[in-house]
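Structure file input32.cif; described as mmCIF, C-alpha atoms.
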```
data_protein
loop_
_atom_site.label_atom_id
_atom_site.label_comp_id
_atom_site.auth_asym_id
_atom_site.auth_seq_id
_atom_site.Cartn_x
_atom_site.Cartn_y
_atom_site.Cartn_z
CA LEU A 1 0.00 0.00 0.00
CA ASP A 2 1.22 3.47 -0.89
CA PRO A 3 -0.25 5.64 1.91
CA ASN A 4 -0.53 9.00 0.17
CA PRO A 5 -1.10 11.54 2.95
CA ASN A 6 -2.71 14.09 0.63
CA TYR A 7 -5.97 12.17 0.33
CA VAL A 8 -8.51 12.56 3.10
CA VAL A 9 -12.17 11.63 3.26
CA MET A 10 -14.53 13.36 5.64
CA ASP A 11 -18.14 13.83 6.67
CA GLY A 12 -19.75 16.64 8.65
CA THR A 13 -19.66 20.14 7.17
CA PHE A 14 -18.45 18.68 3.87
CA THR A 15 -20.78 15.66 3.85
CA GLY A 16 -19.84 12.97 1.38
CA ARG A 17 -16.99 14.96 -0.15
CA THR A 18 -13.36 14.10 -0.59
CA GLY A 19 -10.81 16.80 0.07
CA THR A 20 -7.34 17.28 -1.32
CA VAL A 21 -4.85 19.22 0.76
CA TYR A 22 -2.55 21.27 -1.46
CA ASN A 23 -0.16 24.20 -1.61
CA GLU A 24 -1.48 27.51 -2.90
CA GLY A 25 1.34 30.04 -2.90
CA GLU A 26 2.54 30.40 0.67
CA THR A 27 -0.61 28.88 2.17
CA ILE A 28 -1.94 25.37 2.70
CA SER A 29 -5.42 24.98 1.26
CA PHE A 30 -8.31 22.57 1.45
CA ILE A 31 -11.78 22.34 -0.17
CA ASP A 32 -12.82 25.39 -2.24
CA LYS A 33 -9.48 27.16 -1.61
CA MET A 34 -10.07 27.61 2.12
CA ASN A 35 -6.75 28.08 3.92
CA ILE A 36 -5.99 25.74 6.81
CA LEU A 37 -4.87 27.63 9.91
CA SER A 38 -4.78 24.75 12.40
CA VAL A 39 -5.80 21.13 12.94
CA ASP A 40 -7.01 20.12 16.41
CA GLY A 41 -5.63 23.39 17.77
CA LYS A 42 -2.15 22.94 16.33
CA LYS A 43 -0.72 25.12 13.56
CA VAL A 44 0.21 23.24 10.39
CA HIS A 45 3.51 23.84 8.60
CA SER A 46 3.24 21.88 5.36
CA VAL A 47 0.90 19.87 3.14
CA ASP A 48 2.18 16.61 4.62
CA ASP A 49 1.79 17.94 8.17
CA ALA A 50 -1.81 19.02 7.51
CA SER A 51 -2.70 15.77 5.79
CA ASP A 52 -1.14 13.63 8.52
CA ARG A 53 -3.17 15.48 11.17
CA ILE A 54 -6.45 15.48 9.23
CA GLY A 55 -6.31 11.82 8.23
CA GLY A 56 -7.29 9.21 10.79
CA GLU A 57 -9.61 6.40 11.79
CA ALA A 58 -13.14 6.46 10.39
CA GLY A 59 -15.68 7.65 12.96
CA THR A 60 -13.31 9.96 14.80
CA ASP A 61 -13.56 13.77 14.78
CA VAL A 62 -11.07 16.40 13.68
CA VAL A 63 -11.33 20.15 14.31
CA LEU A 64 -10.17 22.49 11.54
CA LYS A 65 -9.67 26.24 11.79
CA LEU A 66 -10.05 27.66 8.28
CA LYS A 67 -9.81 31.04 6.61
CA ARG A 68 -12.91 31.45 4.45
CA GLY A 69 -13.86 34.71 2.75
CA GLY A 70 -11.53 36.69 4.97
CA GLN A 71 -13.00 35.23 8.17
CA ASP A 72 -11.72 32.52 10.52
CA VAL A 73 -14.11 29.58 10.74
CA THR A 74 -13.83 26.55 13.04
CA VAL A 75 -15.54 23.33 11.95
CA THR A 76 -15.66 19.83 13.41
CA LEU A 77 -15.59 17.04 10.85
CA THR A 78 -16.14 13.33 11.27
CA ARG A 79 -13.77 11.15 9.30
CA GLN A 80 -15.59 8.65 7.14
CA GLU A 81 -14.77 6.20 4.39
CA VAL A 82 -16.48 6.98 1.10
CA GLU A 83 -16.84 4.33 -1.57
CA GLU A 84 -17.01 5.62 -5.13
CA ASP A 85 -15.91 4.44 -8.53
CA SER A 86 -12.29 5.37 -9.10
CA VAL A 87 -12.72 5.50 -12.89
CA ASP A 88 -15.29 7.37 -15.01
CA SER A 89 -15.57 7.39 -18.80
CA LYS A 90 -17.62 9.09 -21.49
CA PHE A 91 -17.59 9.91 -25.19
CA LEU A 92 -16.40 13.31 -26.36
CA LYS A 93 -17.61 15.35 -29.29
CA ALA A 94 -15.75 14.29 -32.41
CA GLU A 95 -13.16 16.73 -33.74
CA ASN A 96 -12.15 16.71 -37.42
CA GLY A 97 -14.15 13.55 -37.97
CA LYS A 98 -12.57 11.71 -35.07
CA LYS A 99 -14.59 10.15 -32.27
CA LEU A 100 -12.83 10.56 -28.94
CA GLY A 101 -13.22 9.17 -25.43
CA TYR A 102 -12.51 10.54 -21.98
CA ILE A 103 -11.39 8.57 -18.91
CA ARG A 104 -10.95 10.11 -15.49
CA ILE A 105 -9.00 8.22 -12.84
CA ARG A 106 -9.84 9.78 -9.45
CA HIS A 107 -7.42 7.73 -7.39
CA PHE A 108 -5.72 4.32 -7.41
CA ARG A 109 -7.45 1.86 -5.09
CA GLU A 110 -7.82 -1.91 -5.19
CA GLY A 111 -9.48 -2.76 -8.50
CA THR A 112 -8.79 0.53 -10.31
CA SER A 113 -6.91 -1.29 -13.08
CA GLU A 114 -9.97 -3.48 -13.71
CA GLU A 115 -12.17 -0.38 -13.82
CA LEU A 116 -9.76 1.19 -16.32
CA LYS A 117 -9.79 -1.93 -18.49
CA GLU A 118 -13.61 -1.92 -18.55
CA ALA A 119 -13.64 1.78 -19.45
CA GLU A 120 -11.19 1.19 -22.30
CA GLU A 121 -13.32 -1.68 -23.65
CA ARG A 122 -16.49 0.43 -23.50
CA LEU A 123 -14.87 3.26 -25.43
CA MET A 124 -13.32 0.91 -27.98
CA ASP A 125 -16.74 -0.69 -28.55
CA GLY A 126 -17.86 2.84 -29.44
CA ARG A 127 -15.05 2.97 -32.02
CA VAL A 128 -13.12 5.90 -30.62
CA THR A 129 -9.81 6.72 -32.26
CA GLY A 130 -8.29 8.54 -29.29
CA VAL A 131 -8.74 8.90 -25.53
CA VAL A 132 -8.02 11.67 -23.06
CA ILE A 133 -6.95 10.12 -19.73
CA ASP A 134 -7.31 12.55 -16.84
CA VAL A 135 -5.28 12.20 -13.64
CA ARG A 136 -5.46 15.87 -12.62
CA ASP A 137 -6.10 16.18 -8.88
CA ASN A 138 -5.45 12.45 -8.50
CA PRO A 139 -3.56 12.12 -5.17
CA GLY A 140 -2.39 8.57 -5.81
CA GLY A 141 -3.23 5.55 -3.69
CA ILE A 142 -2.08 1.97 -4.19
CA LYS A 143 1.24 1.91 -5.99
CA ASP A 144 0.69 -1.48 -7.64
CA GLU A 145 -2.58 -0.27 -9.16
CA GLY A 146 -0.73 2.65 -10.75
CA VAL A 147 1.73 0.15 -12.23
CA LYS A 148 -1.08 -2.12 -13.50
CA CYS A 149 -2.87 0.80 -15.14
CA ALA A 150 0.32 1.84 -16.93
CA ASP A 151 0.77 -1.78 -18.02
CA LEU A 152 -2.65 -1.67 -19.72
CA LEU A 153 -1.39 1.14 -21.95
CA LEU A 154 2.25 0.28 -22.60
CA PRO A 155 3.46 -2.49 -24.92
CA SER A 156 6.83 -3.15 -23.27
CA GLY A 157 9.60 -1.66 -21.18
CA LYS A 158 10.11 -0.58 -17.60
CA ILE A 159 7.24 1.01 -15.70
CA LEU A 160 8.81 1.73 -12.31
CA ILE A 161 12.05 1.39 -10.39
CA GLU A 162 11.73 0.98 -6.60
CA LYS A 163 14.63 1.31 -4.18
CA ASN A 164 14.40 0.49 -0.47
CA ASN A 165 16.41 2.05 2.32
CA GLN A 166 19.02 -0.70 2.01
CA GLY A 167 19.62 0.27 -1.61
CA LYS A 168 17.98 -2.84 -3.10
CA LYS A 169 16.24 -2.17 -6.43
CA LYS A 170 13.11 -3.72 -7.90
CA VAL A 171 11.89 -3.10 -11.45
CA ALA A 172 8.28 -3.39 -12.66
CA ARG A 173 7.83 -4.04 -16.40
CA ALA A 174 5.00 -4.02 -18.92
CA ASP A 175 3.78 -7.45 -20.04
CA GLY A 176 3.63 -6.71 -23.78
CA GLN A 177 -0.16 -6.34 -24.13
CA CYS A 178 -1.46 -2.82 -24.54
CA ALA A 179 -4.35 -0.62 -25.62
CA ASP A 180 -4.84 -0.07 -29.34
CA PHE A 181 -5.66 3.64 -29.40
CA GLU A 182 -3.92 6.99 -29.31
CA TYR A 183 -4.11 8.81 -25.98
CA VAL A 184 -2.88 11.76 -23.95
CA VAL A 185 -2.68 12.11 -20.16
CA LEU A 186 -3.74 15.27 -18.29
CA VAL A 187 -1.77 16.22 -15.15
CA ASN A 188 -1.49 19.13 -12.72
CA GLY A 189 0.13 20.14 -9.44
CA ASN A 190 -2.15 17.83 -7.46
CA THR A 191 -1.24 14.75 -9.51
CA ALA A 192 0.78 12.80 -6.96
CA SER A 193 2.29 9.49 -5.89
CA ALA A 194 0.80 6.50 -7.78
CA ALA A 195 -0.67 8.93 -10.32
CA GLU A 196 2.85 10.21 -11.00
CA ILE A 197 4.08 6.64 -11.38
CA PHE A 198 1.37 6.09 -13.98
CA ALA A 199 1.95 9.36 -15.85
CA GLY A 200 5.74 9.10 -15.69
CA ALA A 201 5.75 5.59 -17.14
CA VAL A 202 3.59 6.77 -20.04
CA GLN A 203 5.87 9.73 -20.72
CA VAL A 204 9.21 7.93 -20.51
CA ASN A 205 7.98 5.05 -22.69
CA ARG A 206 6.48 7.53 -25.21
CA GLY A 207 3.05 6.01 -24.89
CA GLY A 208 1.28 9.37 -24.97
CA LYS A 209 1.98 13.02 -24.25
CA LEU A 210 1.45 14.57 -20.82
CA ILE A 211 -0.54 17.80 -20.96
CA GLY A 212 -1.07 20.35 -18.19
CA GLU A 213 1.09 21.42 -15.26
CA LYS A 214 4.08 20.03 -13.36
CA THR A 215 3.02 17.25 -10.99
CA TYR A 216 3.26 17.32 -7.20
CA GLY A 217 6.45 15.30 -6.62
CA LYS A 218 5.72 12.54 -4.10
CA GLY A 219 7.80 9.44 -4.73
CA VAL A 220 8.43 7.87 -1.33
CA ILE A 221 6.79 5.61 1.22
CA GLN A 222 7.37 6.80 4.77
CA SER A 223 6.71 5.18 8.12
CA VAL A 224 6.18 6.88 11.48
CA GLU A 225 7.87 5.53 14.60
CA LYS A 226 6.40 6.69 17.92
CA LEU A 227 8.78 7.16 20.85
CA GLU A 228 8.15 6.59 24.56
CA ASP A 229 8.03 10.34 25.31
CA GLY A 230 5.09 10.74 22.92
CA SER A 231 7.11 12.27 20.10
CA ALA A 232 7.59 10.55 16.75
CA PHE A 233 9.87 10.57 13.76
CA LYS A 234 9.18 9.82 10.12
CA PHE A 235 11.61 7.85 7.96
CA THR A 236 11.63 6.77 4.32
CA THR A 237 11.38 3.04 3.61
CA GLU A 238 11.14 3.14 -0.20
CA GLU A 239 11.66 5.62 -3.01
CA TYR A 240 10.25 5.47 -6.54
CA PHE A 241 12.03 6.39 -9.77
CA LEU A 242 10.79 6.77 -13.33
CA PRO A 243 11.77 4.04 -15.82
CA ASP A 244 14.83 6.07 -16.91
CA GLY A 245 16.02 6.44 -13.29
CA THR A 246 14.75 10.00 -12.75
CA PRO A 247 13.54 10.60 -9.16
CA ILE A 248 9.94 11.73 -8.62
CA ASN A 249 10.13 12.90 -5.02
CA LYS A 250 10.22 16.68 -4.52
CA LYS A 251 10.84 17.11 -8.25
CA GLY A 252 7.59 16.21 -9.94
CA ILE A 253 7.17 15.53 -13.66
CA GLN A 254 7.16 18.24 -16.31
CA PRO A 255 4.43 17.75 -18.94
CA ASP A 256 5.24 17.56 -22.65
CA ILE A 257 2.71 20.31 -23.36
CA ARG A 258 2.40 22.98 -20.64
CA VAL A 259 -0.96 24.66 -20.23
CA ALA A 260 -3.03 25.80 -17.25
CA SER A 261 -4.90 22.93 -15.61
CA GLY A 262 -8.27 24.39 -16.58
CA LYS A 263 -7.31 24.40 -20.27
CA ALA A 264 -5.72 20.93 -20.35
CA LEU A 265 -8.82 19.05 -21.54
CA THR A 266 -9.33 21.38 -24.50
CA ARG A 267 -5.63 21.08 -25.40
CA GLY A 268 -5.83 17.29 -25.09
CA ILE A 269 -8.76 17.14 -27.51
CA GLN A 270 -6.85 19.36 -29.92
CA ALA A 271 -3.77 17.12 -29.72
CA LEU A 272 -5.80 14.02 -30.51
CA SER A 273 -7.54 15.87 -33.35
CA GLY A 274 -4.24 16.65 -35.01
CA LYS A 275 -4.18 20.35 -34.09
#
```
If you convert what's in this file into structure tokens, what do you get?
Amino acid sequence: LDPNPNYVVMDGTFTGRTGTVYNEGETISFIDKMNILSVDGKKVHSVDDASDRIGGEAGTDVVLKLKRGGQDVTVTLTRQEVEEDSVDSKFLKAENGKKLGYIRIRHFREGTSEELKEAEERLMDGRVTGVVIDVRDNPGGIKDEGVKCADLLLPSGKILIEKNNQGKKKVARADGQCADFEYVVLVNGNTASAAEIFAGAVQVNRGGKLIGEKTYGKGVIQSVEKLEDGSAFKFTTEEYFLPDGTPINKKGIQPDIRVASGKALTRGIQALSGK
């Protein structure tokens, strides 16, 4: 399991919604660009710090102090697991005579690769010639599902290089079977962890172009060790690298075509339409 700390699910004031914690300039933001001032009375110092404090066992409460519309607001939220499909798909309006498809991968959970395969088959039955795959605002999830999803698209080659804290390397490779359609992948600054593994494998293996903004840059698994005095320290147990050996962590992935996140879908359609 790749425990991405940027993905939190909550009930309460934001009933049934998922929230991504992200950087916005010098501030740390949450749903609808509300700045996080504190979590359970303690000031937060980074995205990881905020996410670690907000995340927790389902059924427990967390108190957030937020800046909303120039005013400080304190809300109590109840953590809750929310089950939803991790993959959506639809047909897009044809451009220049081409029929296109759209697939959004929200996050990588157990079974996401099967959902992606089903979405691909549905679109291919509709005779699309190209597909826009959207992993914008995808915070990651299960690393192996990111690898499996990349494997569905890539014919051969390395997908991921993993290195543990003893320096031992492990390489994941594509199995030779792949999708038979042209595609692009949309990314932005909230594309993280397993989503970066997926997007990076596509880019390095020249499966399809990445369009949008530089990704977040989370390429490690970290564990927390609690000490007897109540303090704790975090240490890295594994780090991920792109197929060509490029590190992901704290660097992110630069897209092939840079555009603002809000314009990425339009640019993706244009790319698949030969514009």
Separation of atom CA of Lys99 of chain A and atom CA of Leu210 of chain A, in Å? 20.2 Å
Counting only C-alpha atoms, which residues sit no farther than 6 Å from the position (11.3, 13.7, -3.2) in the file's frame? I'd like them as a VMD selection string. chain A and resid 218 to 219 248 to 250
I need the output of the PyMOL selection byres ((chain A and resi 112) around 12) for this file as a ChimeraX atom specification; which residues are they? /A:84-88,104-111,113-119,140-150,152,194-195
Please expand the PyMOL selection byres ((chain A and resi 40) around 7) into the concrete residues it hits in this file, giving the result as a PyMOL selection string. chain A and resi 38-39+41-42+62-64
Give the answer as one residue: which of A:Asp151, A:Glu162, A:Glu57, A:Asp175 has the shortest atom-to-atom distance to Leu242 of chain A, using all atoms listed in the file?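 Closest to Leu242 of chain A of all the choices is A:Glu162.
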Spell out the residues picked by the PyMOL selection byres ((chain A and resi 134) around 12) here, as a VMD selection string. chain A and resid 86 to 90 101 to 107 116 131 to 133 135 to 138 183 to 188 190 to 191 195 to 196 198 to 199 209 to 212 261 to 262 264 to 266 268 to 269
Can you work out which one of A:Ala172, A:Val220, A:Leu37, A:Ala58 has the shortest atom-to-atom distance to Thr78 of chain A, counting all atoms listed in the file? A:Ala58
Find the distance between atom CA of Lys158 of chain A and atom CA of Ala174 of chain A and write it in Å to one decimal.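 Going from atom CA of Lys158 of chain A over to atom CA of Ala174 of chain A covers 6.3 Å.
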To one decimal in Å, tell me the separation between atom CA of Asp180 of chain A and atom CA of Thr246 of chain A.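 Separating atom CA of Asp180 of chain A from atom CA of Thr246 of chain A is a distance of 27.6 Å.
Considering the residues A:Ser231, A:Thr215, A:Ser273, A:Thr237 and counting all atoms listed in the file, Asn165 of chain A has its shortest atom-to-atom contact with A:Thr237.
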Would you list the contacts of Gly167 of chain A as an mmCIF file with C-alpha atoms, keeping the file's coordinate frame, taking every protein, DNA or RNA residue within 10 Å and counting only C-alpha atoms, but skipping same-chain residues closer than 3 positions in sequence?
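Listing of part17.cif after writing:
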```cif
data_model
loop_
_atom_site.group_PDB
_atom_site.id
_atom_site.type_symbol
_atom_site.label_atom_id
_atom_site.label_comp_id
_atom_site.auth_asym_id
_atom_site.auth_seq_id
_atom_site.Cartn_x
_atom_site.Cartn_y
_atom_site.Cartn_z
ATOM 1 C CA GLU A 162 11.730 0.980 -6.600
ATOM 2 C CA LYS A 163 14.630 1.310 -4.180
ATOM 3 C CA ASN A 164 14.400 0.490 -0.470
ATOM 4 C CA LYS A 170 13.110 -3.720 -7.900
ATOM 5 C CA GLU A 238 11.140 3.140 -0.200
ATOM 6 C CA GLU A 239 11.660 5.620 -3.010
#
```
Complete segment 83-118 of chain A at the level of N, CA and C atoms, written as an mmCIF file, keeping the file's coordinate frame.
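So the final result, stored in out-v4.cif, reads:
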```
data_model
loop_
_atom_site.group_PDB
_atom_site.id
_atom_site.type_symbol
_atom_site.label_atom_id
_atom_site.label_comp_id
_atom_site.auth_asym_id
_atom_site.auth_seq_id
_atom_site.Cartn_x
_atom_site.Cartn_y
_atom_site.Cartn_z
ATOM 1 N N GLU A 83 -17.058 5.230 -0.438
ATOM 2 C CA GLU A 83 -16.840 4.330 -1.570
ATOM 3 C C GLU A 83 -17.387 4.979 -2.831
ATOM 4 N N GLU A 84 -16.579 5.095 -3.847
ATOM 5 C CA GLU A 84 -17.010 5.620 -5.130
ATOM 6 C C GLU A 84 -16.174 4.977 -6.218
ATOM 7 N N ASP A 85 -16.689 4.960 -7.427
ATOM 8 C CA ASP A 85 -15.910 4.440 -8.530
ATOM 9 C C ASP A 85 -14.648 5.275 -8.681
ATOM 10 N N SER A 86 -13.530 4.614 -8.921
ATOM 11 C CA SER A 86 -12.290 5.370 -9.100
ATOM 12 C C SER A 86 -12.061 5.765 -10.546
ATOM 13 N N VAL A 87 -12.876 5.205 -11.467
ATOM 14 C CA VAL A 87 -12.720 5.500 -12.890
ATOM 15 C C VAL A 87 -14.064 5.858 -13.507
ATOM 16 N N ASP A 88 -14.114 6.970 -14.234
ATOM 17 C CA ASP A 88 -15.290 7.370 -15.010
ATOM 18 C C ASP A 88 -14.898 7.449 -16.478
ATOM 19 N N SER A 89 -15.860 7.244 -17.374
ATOM 20 C CA SER A 89 -15.570 7.390 -18.800
ATOM 21 C C SER A 89 -16.790 7.923 -19.532
ATOM 22 N N LYS A 90 -16.537 8.579 -20.647
ATOM 23 C CA LYS A 90 -17.620 9.090 -21.490
ATOM 24 C C LYS A 90 -17.064 9.348 -22.883
ATOM 25 N N PHE A 91 -17.977 9.571 -23.831
ATOM 26 C CA PHE A 91 -17.590 9.910 -25.190
ATOM 27 C C PHE A 91 -17.521 11.424 -25.321
ATOM 28 N N LEU A 92 -16.556 11.884 -26.102
ATOM 29 C CA LEU A 92 -16.400 13.310 -26.360
ATOM 30 C C LEU A 92 -16.842 13.640 -27.772
ATOM 31 N N LYS A 93 -17.220 14.879 -27.959
ATOM 32 C CA LYS A 93 -17.610 15.350 -29.290
ATOM 33 C C LYS A 93 -16.454 15.148 -30.264
ATOM 34 N N ALA A 94 -16.773 14.572 -31.404
ATOM 35 C CA ALA A 94 -15.750 14.290 -32.410
ATOM 36 C C ALA A 94 -15.154 15.588 -32.954
ATOM 37 N N GLU A 95 -13.845 15.599 -33.150
ATOM 38 C CA GLU A 95 -13.160 16.730 -33.740
ATOM 39 C C GLU A 95 -12.511 16.277 -35.040
ATOM 40 N N ASN A 96 -12.731 17.052 -36.116
ATOM 41 C CA ASN A 96 -12.150 16.710 -37.420
ATOM 42 C C ASN A 96 -12.499 15.297 -37.854
ATOM 43 N N GLY A 97 -13.711 14.873 -37.539
ATOM 44 C CA GLY A 97 -14.150 13.550 -37.970
ATOM 45 C C GLY A 97 -13.752 12.430 -37.042
ATOM 46 N N LYS A 98 -13.009 12.746 -35.995
ATOM 47 C CA LYS A 98 -12.570 11.710 -35.070
ATOM 48 C C LYS A 98 -13.525 11.611 -33.889
ATOM 49 N N LYS A 99 -13.770 10.385 -33.457
ATOM 50 C CA LYS A 99 -14.590 10.150 -32.270
ATOM 51 C C LYS A 99 -13.644 9.868 -31.111
ATOM 52 N N LEU A 100 -13.764 10.655 -30.057
ATOM 53 C CA LEU A 100 -12.830 10.560 -28.940
ATOM 54 C C LEU A 100 -13.527 10.094 -27.672
ATOM 55 N N GLY A 101 -12.718 9.579 -26.732
ATOM 56 C CA GLY A 101 -13.220 9.170 -25.430
ATOM 57 C C GLY A 101 -12.496 9.909 -24.327
ATOM 58 N N TYR A 102 -13.092 9.876 -23.145
ATOM 59 C CA TYR A 102 -12.510 10.540 -21.980
ATOM 60 C C TYR A 102 -12.574 9.578 -20.800
ATOM 61 N N ILE A 103 -11.449 9.408 -20.111
ATOM 62 C CA ILE A 103 -11.390 8.570 -18.910
ATOM 63 C C ILE A 103 -10.785 9.391 -17.782
ATOM 64 N N ARG A 104 -11.485 9.450 -16.675
ATOM 65 C CA ARG A 104 -10.950 10.110 -15.490
ATOM 66 C C ARG A 104 -10.634 9.066 -14.432
ATOM 67 N N ILE A 105 -9.398 9.086 -13.949
ATOM 68 C CA ILE A 105 -9.000 8.220 -12.840
ATOM 69 C C ILE A 105 -8.880 9.095 -11.601
ATOM 70 N N ARG A 106 -9.813 8.920 -10.642
ATOM 71 C CA ARG A 106 -9.840 9.780 -9.450
ATOM 72 C C ARG A 106 -8.704 9.463 -8.485
ATOM 73 N N HIS A 107 -8.470 8.182 -8.275
ATOM 74 C CA HIS A 107 -7.420 7.730 -7.390
ATOM 75 C C HIS A 107 -7.157 6.263 -7.705
ATOM 76 N N PHE A 108 -6.096 5.710 -7.138
ATOM 77 C CA PHE A 108 -5.720 4.320 -7.410
ATOM 78 C C PHE A 108 -5.980 3.474 -6.165
ATOM 79 N N ARG A 109 -7.091 2.749 -6.191
ATOM 80 C CA ARG A 109 -7.450 1.860 -5.090
ATOM 81 C C ARG A 109 -7.460 0.425 -5.634
ATOM 82 N N GLU A 110 -7.728 -0.517 -4.771
ATOM 83 C CA GLU A 110 -7.820 -1.910 -5.190
ATOM 84 C C GLU A 110 -8.901 -2.048 -6.260
ATOM 85 N N GLY A 111 -8.525 -2.560 -7.428
ATOM 86 C CA GLY A 111 -9.480 -2.760 -8.500
ATOM 87 C C GLY A 111 -9.539 -1.646 -9.538
ATOM 88 N N THR A 112 -8.769 -0.567 -9.342
ATOM 89 C CA THR A 112 -8.790 0.530 -10.310
ATOM 90 C C THR A 112 -8.355 0.074 -11.695
ATOM 91 N N SER A 113 -7.370 -0.807 -11.765
ATOM 92 C CA SER A 113 -6.910 -1.290 -13.080
ATOM 93 C C SER A 113 -8.011 -2.048 -13.808
ATOM 94 N N GLU A 114 -8.845 -2.782 -13.070
ATOM 95 C CA GLU A 114 -9.970 -3.480 -13.710
ATOM 96 C C GLU A 114 -11.010 -2.477 -14.193
ATOM 97 N N GLU A 115 -11.244 -1.431 -13.397
ATOM 98 C CA GLU A 115 -12.170 -0.380 -13.820
ATOM 99 C C GLU A 115 -11.657 0.313 -15.082
ATOM 100 N N LEU A 116 -10.350 0.547 -15.144
ATOM 101 C CA LEU A 116 -9.760 1.190 -16.320
ATOM 102 C C LEU A 116 -9.897 0.295 -17.545
ATOM 103 N N LYS A 117 -9.660 -0.986 -17.372
ATOM 104 C CA LYS A 117 -9.790 -1.930 -18.490
ATOM 105 C C LYS A 117 -11.218 -1.933 -19.031
ATOM 106 N N GLU A 118 -12.196 -1.934 -18.135
ATOM 107 C CA GLU A 118 -13.610 -1.920 -18.550
ATOM 108 C C GLU A 118 -13.943 -0.614 -19.282
#
```
